[in-house]
file final15.cif (mmCIF, C-alpha atoms)
data_query
#
loop_
_atom_site.group_PDB
_atom_site.id
_atom_site.type_symbol
_atom_site.label_atom_id
_atom_site.label_comp_id
_atom_site.auth_asym_id
_atom_site.auth_seq_id
_atom_site.Cartn_x
_atom_site.Cartn_y
_atom_site.Cartn_z
ATOM 1 C CA MET A 1 117.173 -91.409 -69.640
ATOM 2 C CA ASP A 2 114.763 -94.288 -70.233
ATOM 3 C CA ALA A 3 114.524 -94.839 -74.019
ATOM 4 C CA GLU A 4 113.508 -98.497 -73.460
ATOM 5 C CA ASN A 5 109.920 -97.492 -72.658
ATOM 6 C CA ILE A 6 107.622 -95.910 -75.239
ATOM 7 C CA VAL A 7 104.256 -94.228 -75.585
ATOM 8 C CA VAL A 8 102.320 -95.360 -78.649
ATOM 9 C CA PHE A 9 99.533 -93.274 -80.167
ATOM 10 C CA ILE A 10 96.849 -94.982 -82.234
ATOM 11 C CA THR A 11 93.682 -93.455 -83.605
ATOM 12 C CA ALA A 12 90.638 -95.668 -84.109
ATOM 13 C CA LYS A 13 87.334 -95.073 -85.875
ATOM 14 C CA ASP A 14 85.361 -95.256 -82.604
ATOM 15 C CA VAL A 15 85.439 -96.341 -78.959
ATOM 16 C CA GLU A 16 84.404 -99.901 -79.819
ATOM 17 C CA GLN A 17 87.337 -100.383 -82.160
ATOM 18 C CA ALA A 18 89.679 -98.719 -79.641
ATOM 19 C CA ASP A 19 88.457 -101.082 -76.915
ATOM 20 C CA LYS A 20 88.956 -104.135 -79.135
ATOM 21 C CA ILE A 21 92.533 -103.057 -79.883
ATOM 22 C CA ALA A 22 93.244 -102.305 -76.218
ATOM 23 C CA ARG A 23 91.918 -105.693 -75.062
ATOM 24 C CA ARG A 24 93.994 -107.582 -77.644
ATOM 25 C CA LEU A 25 97.223 -105.754 -76.748
ATOM 26 C CA LEU A 26 96.640 -106.117 -72.998
ATOM 27 C CA GLY A 27 95.645 -109.765 -73.367
ATOM 28 C CA LYS A 28 98.892 -110.538 -75.156
ATOM 29 C CA LYS A 29 100.879 -108.571 -72.524
ATOM 30 C CA LEU A 30 102.347 -106.362 -75.234
ATOM 31 C CA VAL A 31 101.363 -103.231 -73.308
ATOM 32 C CA ALA A 32 101.192 -102.257 -69.658
ATOM 33 C CA CYS A 33 98.459 -99.622 -69.917
ATOM 34 C CA VAL A 34 96.037 -98.192 -72.466
ATOM 35 C CA ASN A 35 94.234 -94.879 -72.008
ATOM 36 C CA THR A 36 91.359 -94.267 -74.406
ATOM 37 C CA VAL A 37 90.224 -90.747 -75.200
ATOM 38 C CA GLY A 38 86.680 -91.330 -76.372
ATOM 39 C CA SER A 39 86.134 -88.560 -78.886
ATOM 40 C CA ILE A 40 88.659 -86.388 -80.673
ATOM 41 C CA THR A 41 88.385 -84.401 -83.868
ATOM 42 C CA SER A 42 91.012 -85.264 -86.453
ATOM 43 C CA GLN A 43 91.749 -83.158 -89.501
ATOM 44 C CA TYR A 44 94.172 -84.541 -92.070
ATOM 45 C CA TRP A 45 95.075 -84.855 -95.719
ATOM 46 C CA TRP A 46 93.739 -87.993 -97.430
ATOM 47 C CA GLU A 47 93.593 -88.681 -101.151
ATOM 48 C CA GLY A 48 94.305 -85.057 -102.039
ATOM 49 C CA GLU A 49 91.641 -83.525 -99.802
ATOM 50 C CA ILE A 50 91.411 -82.249 -96.263
ATOM 51 C CA GLN A 51 89.249 -84.592 -94.188
ATOM 52 C CA LYS A 52 87.621 -84.077 -90.785
ATOM 53 C CA ASP A 53 86.447 -87.008 -88.648
ATOM 54 C CA THR A 54 85.636 -87.927 -85.083
ATOM 55 C CA GLU A 55 87.893 -90.692 -83.780
ATOM 56 C CA SER A 56 89.086 -92.270 -80.546
ATOM 57 C CA LEU A 57 92.682 -92.035 -79.404
ATOM 58 C CA LEU A 58 94.609 -94.781 -77.648
ATOM 59 C CA ILE A 59 97.606 -93.744 -75.548
ATOM 60 C CA ILE A 60 99.646 -96.848 -74.833
ATOM 61 C CA LYS A 61 102.631 -97.494 -72.556
ATOM 62 C CA SER A 62 104.972 -100.307 -73.519
ATOM 63 C CA ARG A 63 108.549 -101.209 -74.417
ATOM 64 C CA GLN A 64 110.372 -100.287 -77.587
ATOM 65 C CA GLU A 65 111.290 -103.919 -78.290
ATOM 66 C CA LEU A 66 107.564 -104.761 -78.570
ATOM 67 C CA PHE A 67 106.608 -102.015 -81.019
ATOM 68 C CA HIS A 68 106.583 -104.178 -84.159
ATOM 69 C CA GLU A 69 104.411 -106.815 -82.479
ATOM 70 C CA ILE A 70 102.023 -104.070 -81.345
ATOM 71 C CA GLU A 71 101.935 -102.714 -84.893
ATOM 72 C CA LYS A 72 101.193 -106.185 -86.320
ATOM 73 C CA GLU A 73 98.303 -106.789 -83.897
ATOM 74 C CA VAL A 74 96.791 -103.348 -84.510
ATOM 75 C CA LYS A 75 96.930 -103.740 -88.291
ATOM 76 C CA ALA A 76 95.157 -107.109 -88.005
ATOM 77 C CA LEU A 77 92.226 -105.486 -86.152
ATOM 78 C CA HIS A 78 92.083 -101.978 -87.599
ATOM 79 C CA SER A 79 89.589 -100.878 -90.243
ATOM 80 C CA TYR A 80 91.845 -98.174 -91.750
ATOM 81 C CA SER A 81 94.106 -99.010 -94.677
ATOM 82 C CA VAL A 82 96.802 -96.754 -93.149
ATOM 83 C CA PRO A 83 96.247 -96.630 -89.369
ATOM 84 C CA GLU A 84 98.167 -94.177 -87.221
ATOM 85 C CA ILE A 85 100.541 -96.228 -85.071
ATOM 86 C CA ILE A 86 103.393 -94.056 -83.849
ATOM 87 C CA ALA A 87 105.747 -94.388 -80.905
ATOM 88 C CA VAL A 88 107.727 -91.819 -78.980
ATOM 89 C CA PRO A 89 110.405 -92.644 -76.417
ATOM 90 C CA ILE A 90 109.862 -91.916 -72.759
ATOM 91 C CA ILE A 91 112.984 -89.968 -71.924
ATOM 92 C CA ASP A 92 112.295 -89.694 -68.209
ATOM 93 C CA GLY A 93 109.584 -90.333 -65.654
ATOM 94 C CA ASN A 94 108.655 -91.693 -62.257
ATOM 95 C CA PRO A 95 111.138 -94.576 -61.796
ATOM 96 C CA ASP A 96 108.507 -96.699 -60.034
ATOM 97 C CA TYR A 97 106.090 -96.282 -62.957
ATOM 98 C CA LEU A 98 108.785 -97.026 -65.543
ATOM 99 C CA ASP A 99 109.783 -100.157 -63.630
ATOM 100 C CA TRP A 100 106.123 -101.198 -63.531
ATOM 101 C CA ILE A 101 105.945 -100.989 -67.341
ATOM 102 C CA LYS A 102 109.021 -103.198 -67.658
ATOM 103 C CA GLU A 103 107.672 -105.740 -65.162
ATOM 104 C CA THR A 104 104.179 -105.860 -66.678
ATOM 105 C CA VAL A 105 104.777 -106.472 -70.372
ATOM 106 C CA GLU A 106 106.030 -109.651 -71.996
ATOM 107 C CA GLN A 107 109.810 -109.761 -71.843
ATOM 108 C CA LYS A 108 111.637 -110.638 -75.054
#

call {"tool": "encode", "arguments": {"input": "final15.cif", "output": "structure tokens"}}
result
Amino acid sequence: MDAENIVVFITAKDVEQADKIARRLLGKKLVACVNTVGSITSQYWWEGEIQKDTESLLIIKSRQELFHEIEKEVKALHSYSVPEIIAVPIIDGNPDYLDWIKETVEQK
């Protein structure tokens, strides 16, 4: 079990915003890797109505201890008043890859 490493999902309004967020998080060594899915369709409840938008999705690999710093940086850059920033634990994986995450990000 590897609950120290996490995957963070963040939706952004477009690829440009996703890239800006990715660059900031990578530049501060808060994350080891960011995958950007350029165009997804999101349907959700907002202000009492069902909404449908095209967004970009960031899939981020990092460490649980850095989540709140990641959240702070994303909120500073994001255009949404309530951005999706959620983390799930990595419960298992390629040990070499998991070690790489630990070695790559800023150690606290």

call {"tool": "resolve_selection", "arguments": {"input": "final15.cif", "expression": "the PyMOL selection byres ((chain A and resi 106) around 12)", "output": "PyMOL selection string"}}
result
chain A and resi 25-32+62-67+69-70+100-105+107-108

call {"tool": "atom_distance", "arguments": {"input": "final15.cif", "atom1": "CA of Asp96 in chain A", "atom2": "CA of Thr11 in chain A"}}
result
28.0 Å

call {"tool": "closest_residue", "arguments": {"input": "final15.cif", "among": "A:Val7, A:Ile21, A:Ile40, A:Val15", "to": "Ala76 in chain A", "atoms": "only C-alpha atoms"}}
result
A:Ile21

call {"tool": "closest_residue", "arguments": {"input": "final15.cif", "among": "A:Val88, A:Thr36, A:Gly48, A:Leu98", "to": "Asp19 in chain A", "atoms": "all atoms listed in the file"}}
result
A:Thr36

call {"tool": "resolve_selection", "arguments": {"input": "final15.cif", "expression": "the PyMOL selection byres ((chain A and resi 77) around 12)", "output": "NGL selection string"}}
result
:A and (12-13 or 16-25 or 70-76 or 78-81 or 83)

call {"tool": "write_last_selection", "arguments": {"input": "final15.cif", "atoms": "C-alpha atoms", "output": "PDB file, keeping the file's coordinate frame"}}
result
ATOM      1  CA  ALA A  12      90.638 -95.668 -84.109  1.00  0.00           C
ATOM      2  CA  LYS A  13      87.334 -95.073 -85.875  1.00  0.00           C
ATOM      3  CA  GLU A  16      84.404 -99.901 -79.819  1.00  0.00           C
ATOM      4  CA  GLN A  17      87.337-100.383 -82.160  1.00  0.00           C
ATOM      5  CA  ALA A  18      89.679 -98.719 -79.641  1.00  0.00           C
ATOM      6  CA  ASP A  19      88.457-101.082 -76.915  1.00  0.00           C
ATOM      7  CA  LYS A  20      88.956-104.135 -79.135  1.00  0.00           C
ATOM      8  CA  ILE A  21      92.533-103.057 -79.883  1.00  0.00           C
ATOM      9  CA  ALA A  22      93.244-102.305 -76.218  1.00  0.00           C
ATOM     10  CA  ARG A  23      91.918-105.693 -75.062  1.00  0.00           C
ATOM     11  CA  ARG A  24      93.994-107.582 -77.644  1.00  0.00           C
ATOM     12  CA  LEU A  25      97.223-105.754 -76.748  1.00  0.00           C
ATOM     13  CA  ILE A  70     102.023-104.070 -81.345  1.00  0.00           C
ATOM     14  CA  GLU A  71     101.935-102.714 -84.893  1.00  0.00           C
ATOM     15  CA  LYS A  72     101.193-106.185 -86.320  1.00  0.00           C
ATOM     16  CA  GLU A  73      98.303-106.789 -83.897  1.00  0.00           C
ATOM     17  CA  VAL A  74      96.791-103.348 -84.510  1.00  0.00           C
ATOM     18  CA  LYS A  75      96.930-103.740 -88.291  1.00  0.00           C
ATOM     19  CA  ALA A  76      95.157-107.109 -88.005  1.00  0.00           C
ATOM     20  CA  HIS A  78      92.083-101.978 -87.599  1.00  0.00           C
ATOM     21  CA  SER A  79      89.589-100.878 -90.243  1.00  0.00           C
ATOM     22  CA  TYR A  80      91.845 -98.174 -91.750  1.00  0.00           C
ATOM     23  CA  SER A  81      94.106 -99.010 -94.677  1.00  0.00           C
ATOM     24  CA  PRO A  83      96.247 -96.630 -89.369  1.00  0.00           C
TER      25      PRO A  83
END

call {"tool": "resolve_selection", "arguments": {"input": "final15.cif", "expression": "the PyMOL selection byres ((chain A and resi 39) around 8)", "output": "list in words"}}
result
Asp14, Val15, Val37, Gly38, Ile40, Thr41, Thr54, Glu55, Ser56 and Leu57 of chain A

call {"tool": "atom_distance", "arguments": {"input": "final15.cif", "atom1": "CA of Pro89 in chain A", "atom2": "CA of Ile50 in chain A"}}
result
29.4 Å

call {"tool": "atom_distance", "arguments": {"input": "final15.cif", "atom1": "CA of Ile60 in chain A", "atom2": "CA of Ile86 in chain A"}}
result
10.2 Å

call {"tool": "closest_residue", "arguments": {"input": "final15.cif", "among": "A:Ile85, A:Leu58, A:Cys33, A:Ile90", "to": "Ile6 in chain A", "atoms": "only C-alpha atoms"}}
result
A:Ile90

call {"tool": "closest_residue", "arguments": {"input": "final15.cif", "among": "A:Lys61, A:Phe9, A:Asp53, A:Glu47", "to": "Val34 in chain A", "atoms": "only C-alpha atoms"}}
result
A:Lys61

call {"tool": "build_atoms", "arguments": {"input": "final15.cif", "residues": "range 67-102 of chain A", "atoms": "N, CA and C atoms", "output": "PDB file, keeping the file's coordinate frame"}}
result
ATOM      1  N   PHE A  67     107.356-102.876 -80.097  1.00  0.00           N
ATOM      2  CA  PHE A  67     106.608-102.015 -81.019  1.00  0.00           C
ATOM      3  C   PHE A  67     106.129-102.764 -82.266  1.00  0.00           C
ATOM      4  N   HIS A  68     106.982-103.525 -82.908  1.00  0.00           N
ATOM      5  CA  HIS A  68     106.583-104.178 -84.159  1.00  0.00           C
ATOM      6  C   HIS A  68     105.500-105.230 -83.944  1.00  0.00           C
ATOM      7  N   GLU A  69     105.500-105.879 -82.790  1.00  0.00           N
ATOM      8  CA  GLU A  69     104.411-106.815 -82.479  1.00  0.00           C
ATOM      9  C   GLU A  69     103.105-106.058 -82.235  1.00  0.00           C
ATOM     10  N   ILE A  70     103.201-104.920 -81.561  1.00  0.00           N
ATOM     11  CA  ILE A  70     102.023-104.070 -81.345  1.00  0.00           C
ATOM     12  C   ILE A  70     101.466-103.639 -82.701  1.00  0.00           C
ATOM     13  N   GLU A  71     102.339-103.168 -83.562  1.00  0.00           N
ATOM     14  CA  GLU A  71     101.935-102.714 -84.893  1.00  0.00           C
ATOM     15  C   GLU A  71     101.227-103.838 -85.662  1.00  0.00           C
ATOM     16  N   LYS A  72     101.778-105.034 -85.622  1.00  0.00           N
ATOM     17  CA  LYS A  72     101.193-106.185 -86.320  1.00  0.00           C
ATOM     18  C   LYS A  72      99.783-106.483 -85.803  1.00  0.00           C
ATOM     19  N   GLU A  73      99.612-106.495 -84.487  1.00  0.00           N
ATOM     20  CA  GLU A  73      98.303-106.789 -83.897  1.00  0.00           C
ATOM     21  C   GLU A  73      97.282-105.709 -84.253  1.00  0.00           C
ATOM     22  N   VAL A  74      97.706-104.448 -84.193  1.00  0.00           N
ATOM     23  CA  VAL A  74      96.791-103.348 -84.510  1.00  0.00           C
ATOM     24  C   VAL A  74      96.355-103.432 -85.970  1.00  0.00           C
ATOM     25  N   LYS A  75      97.282-103.650 -86.869  1.00  0.00           N
ATOM     26  CA  LYS A  75      96.930-103.740 -88.291  1.00  0.00           C
ATOM     27  C   LYS A  75      95.955-104.879 -88.560  1.00  0.00           C
ATOM     28  N   ALA A  76      96.062-105.966 -87.817  1.00  0.00           N
ATOM     29  CA  ALA A  76      95.157-107.109 -88.005  1.00  0.00           C
ATOM     30  C   ALA A  76      93.725-106.778 -87.588  1.00  0.00           C
ATOM     31  N   LEU A  77      93.550-105.828 -86.673  1.00  0.00           N
ATOM     32  CA  LEU A  77      92.226-105.486 -86.152  1.00  0.00           C
ATOM     33  C   LEU A  77      91.645-104.200 -86.733  1.00  0.00           C
ATOM     34  N   HIS A  78      92.486-103.345 -87.254  1.00  0.00           N
ATOM     35  CA  HIS A  78      92.083-101.978 -87.599  1.00  0.00           C
ATOM     36  C   HIS A  78      91.333-101.930 -88.924  1.00  0.00           C
ATOM     37  N   SER A  79      90.376-101.023 -89.011  1.00  0.00           N
ATOM     38  CA  SER A  79      89.589-100.878 -90.243  1.00  0.00           C
ATOM     39  C   SER A  79      90.237 -99.917 -91.248  1.00  0.00           C
ATOM     40  N   TYR A  80      91.202 -99.120 -90.825  1.00  0.00           N
ATOM     41  CA  TYR A  80      91.845 -98.174 -91.750  1.00  0.00           C
ATOM     42  C   TYR A  80      92.900 -98.883 -92.587  1.00  0.00           C
ATOM     43  N   SER A  81      93.055 -98.444 -93.824  1.00  0.00           N
ATOM     44  CA  SER A  81      94.106 -99.010 -94.677  1.00  0.00           C
ATOM     45  C   SER A  81      95.485 -98.509 -94.251  1.00  0.00           C
ATOM     46  N   VAL A  82      95.542 -97.324 -93.641  1.00  0.00           N
ATOM     47  CA  VAL A  82      96.802 -96.754 -93.149  1.00  0.00           C
ATOM     48  C   VAL A  82      96.560 -96.218 -91.737  1.00  0.00           C
ATOM     49  N   PRO A  83      96.509 -97.104 -90.736  1.00  0.00           N
ATOM     50  CA  PRO A  83      96.247 -96.630 -89.369  1.00  0.00           C
ATOM     51  C   PRO A  83      97.444 -95.868 -88.789  1.00  0.00           C
ATOM     52  N   GLU A  84      97.124 -94.877 -87.974  1.00  0.00           N
ATOM     53  CA  GLU A  84      98.167 -94.177 -87.221  1.00  0.00           C
ATOM     54  C   GLU A  84      98.640 -95.092 -86.107  1.00  0.00           C
ATOM     55  N   ILE A  85      99.905 -95.439 -86.137  1.00  0.00           N
ATOM     56  CA  ILE A  85     100.541 -96.228 -85.071  1.00  0.00           C
ATOM     57  C   ILE A  85     101.934 -95.635 -84.927  1.00  0.00           C
ATOM     58  N   ILE A  86     102.099 -94.718 -84.002  1.00  0.00           N
ATOM     59  CA  ILE A  86     103.393 -94.056 -83.849  1.00  0.00           C
ATOM     60  C   ILE A  86     103.862 -94.163 -82.406  1.00  0.00           C
ATOM     61  N   ALA A  87     105.162 -94.257 -82.242  1.00  0.00           N
ATOM     62  CA  ALA A  87     105.747 -94.388 -80.905  1.00  0.00           C
ATOM     63  C   ALA A  87     106.727 -93.255 -80.651  1.00  0.00           C
ATOM     64  N   VAL A  88     106.737 -92.800 -79.421  1.00  0.00           N
ATOM     65  CA  VAL A  88     107.727 -91.819 -78.980  1.00  0.00           C
ATOM     66  C   VAL A  88     108.403 -92.375 -77.730  1.00  0.00           C
ATOM     67  N   PRO A  89     109.698 -92.127 -77.593  1.00  0.00           N
ATOM     68  CA  PRO A  89     110.405 -92.644 -76.417  1.00  0.00           C
ATOM     69  C   PRO A  89     110.023 -91.866 -75.163  1.00  0.00           C
ATOM     70  N   ILE A  90     110.001 -92.573 -74.059  1.00  0.00           N
ATOM     71  CA  ILE A  90     109.862 -91.916 -72.759  1.00  0.00           C
ATOM     72  C   ILE A  90     111.283 -91.596 -72.317  1.00  0.00           C
ATOM     73  N   ILE A  91     111.607 -90.330 -72.248  1.00  0.00           N
ATOM     74  CA  ILE A  91     112.984 -89.968 -71.924  1.00  0.00           C
ATOM     75  C   ILE A  91     113.231 -89.867 -70.426  1.00  0.00           C
ATOM     76  N   ASP A  92     112.153 -89.740 -69.662  1.00  0.00           N
ATOM     77  CA  ASP A  92     112.295 -89.694 -68.209  1.00  0.00           C
ATOM     78  C   ASP A  92     110.917 -89.850 -67.596  1.00  0.00           C
ATOM     79  N   GLY A  93     110.866 -90.188 -66.332  1.00  0.00           N
ATOM     80  CA  GLY A  93     109.584 -90.333 -65.654  1.00  0.00           C
ATOM     81  C   GLY A  93     109.762 -90.893 -64.262  1.00  0.00           C
ATOM     82  N   ASN A  94     108.662 -91.110 -63.587  1.00  0.00           N
ATOM     83  CA  ASN A  94     108.655 -91.693 -62.257  1.00  0.00           C
ATOM     84  C   ASN A  94     109.311 -93.074 -62.349  1.00  0.00           C
ATOM     85  N   PRO A  95     110.450 -93.285 -61.690  1.00  0.00           N
ATOM     86  CA  PRO A  95     111.138 -94.576 -61.796  1.00  0.00           C
ATOM     87  C   PRO A  95     110.262 -95.766 -61.422  1.00  0.00           C
ATOM     88  N   ASP A  96     109.392 -95.604 -60.426  1.00  0.00           N
ATOM     89  CA  ASP A  96     108.507 -96.699 -60.034  1.00  0.00           C
ATOM     90  C   ASP A  96     107.541 -97.055 -61.160  1.00  0.00           C
ATOM     91  N   TYR A  97     107.010 -96.051 -61.846  1.00  0.00           N
ATOM     92  CA  TYR A  97     106.090 -96.282 -62.957  1.00  0.00           C
ATOM     93  C   TYR A  97     106.819 -96.934 -64.126  1.00  0.00           C
ATOM     94  N   LEU A  98     108.009 -96.457 -64.434  1.00  0.00           N
ATOM     95  CA  LEU A  98     108.785 -97.026 -65.543  1.00  0.00           C
ATOM     96  C   LEU A  98     109.167 -98.469 -65.261  1.00  0.00           C
ATOM     97  N   ASP A  99     109.503 -98.769 -64.006  1.00  0.00           N
ATOM     98  CA  ASP A  99     109.783-100.157 -63.630  1.00  0.00           C
ATOM     99  C   ASP A  99     108.538-101.023 -63.778  1.00  0.00           C
ATOM    100  N   TRP A 100     107.382-100.466 -63.405  1.00  0.00           N
ATOM    101  CA  TRP A 100     106.123-101.198 -63.531  1.00  0.00           C
ATOM    102  C   TRP A 100     105.860-101.582 -64.981  1.00  0.00           C
ATOM    103  N   ILE A 101     106.120-100.664 -65.920  1.00  0.00           N
ATOM    104  CA  ILE A 101     105.945-100.989 -67.341  1.00  0.00           C
ATOM    105  C   ILE A 101     106.810-102.185 -67.704  1.00  0.00           C
ATOM    106  N   LYS A 102     108.081-102.120 -67.329  1.00  0.00           N
ATOM    107  CA  LYS A 102     109.021-103.198 -67.658  1.00  0.00           C
ATOM    108  C   LYS A 102     108.581-104.534 -67.063  1.00  0.00           C
TER     109      LYS A 102
END
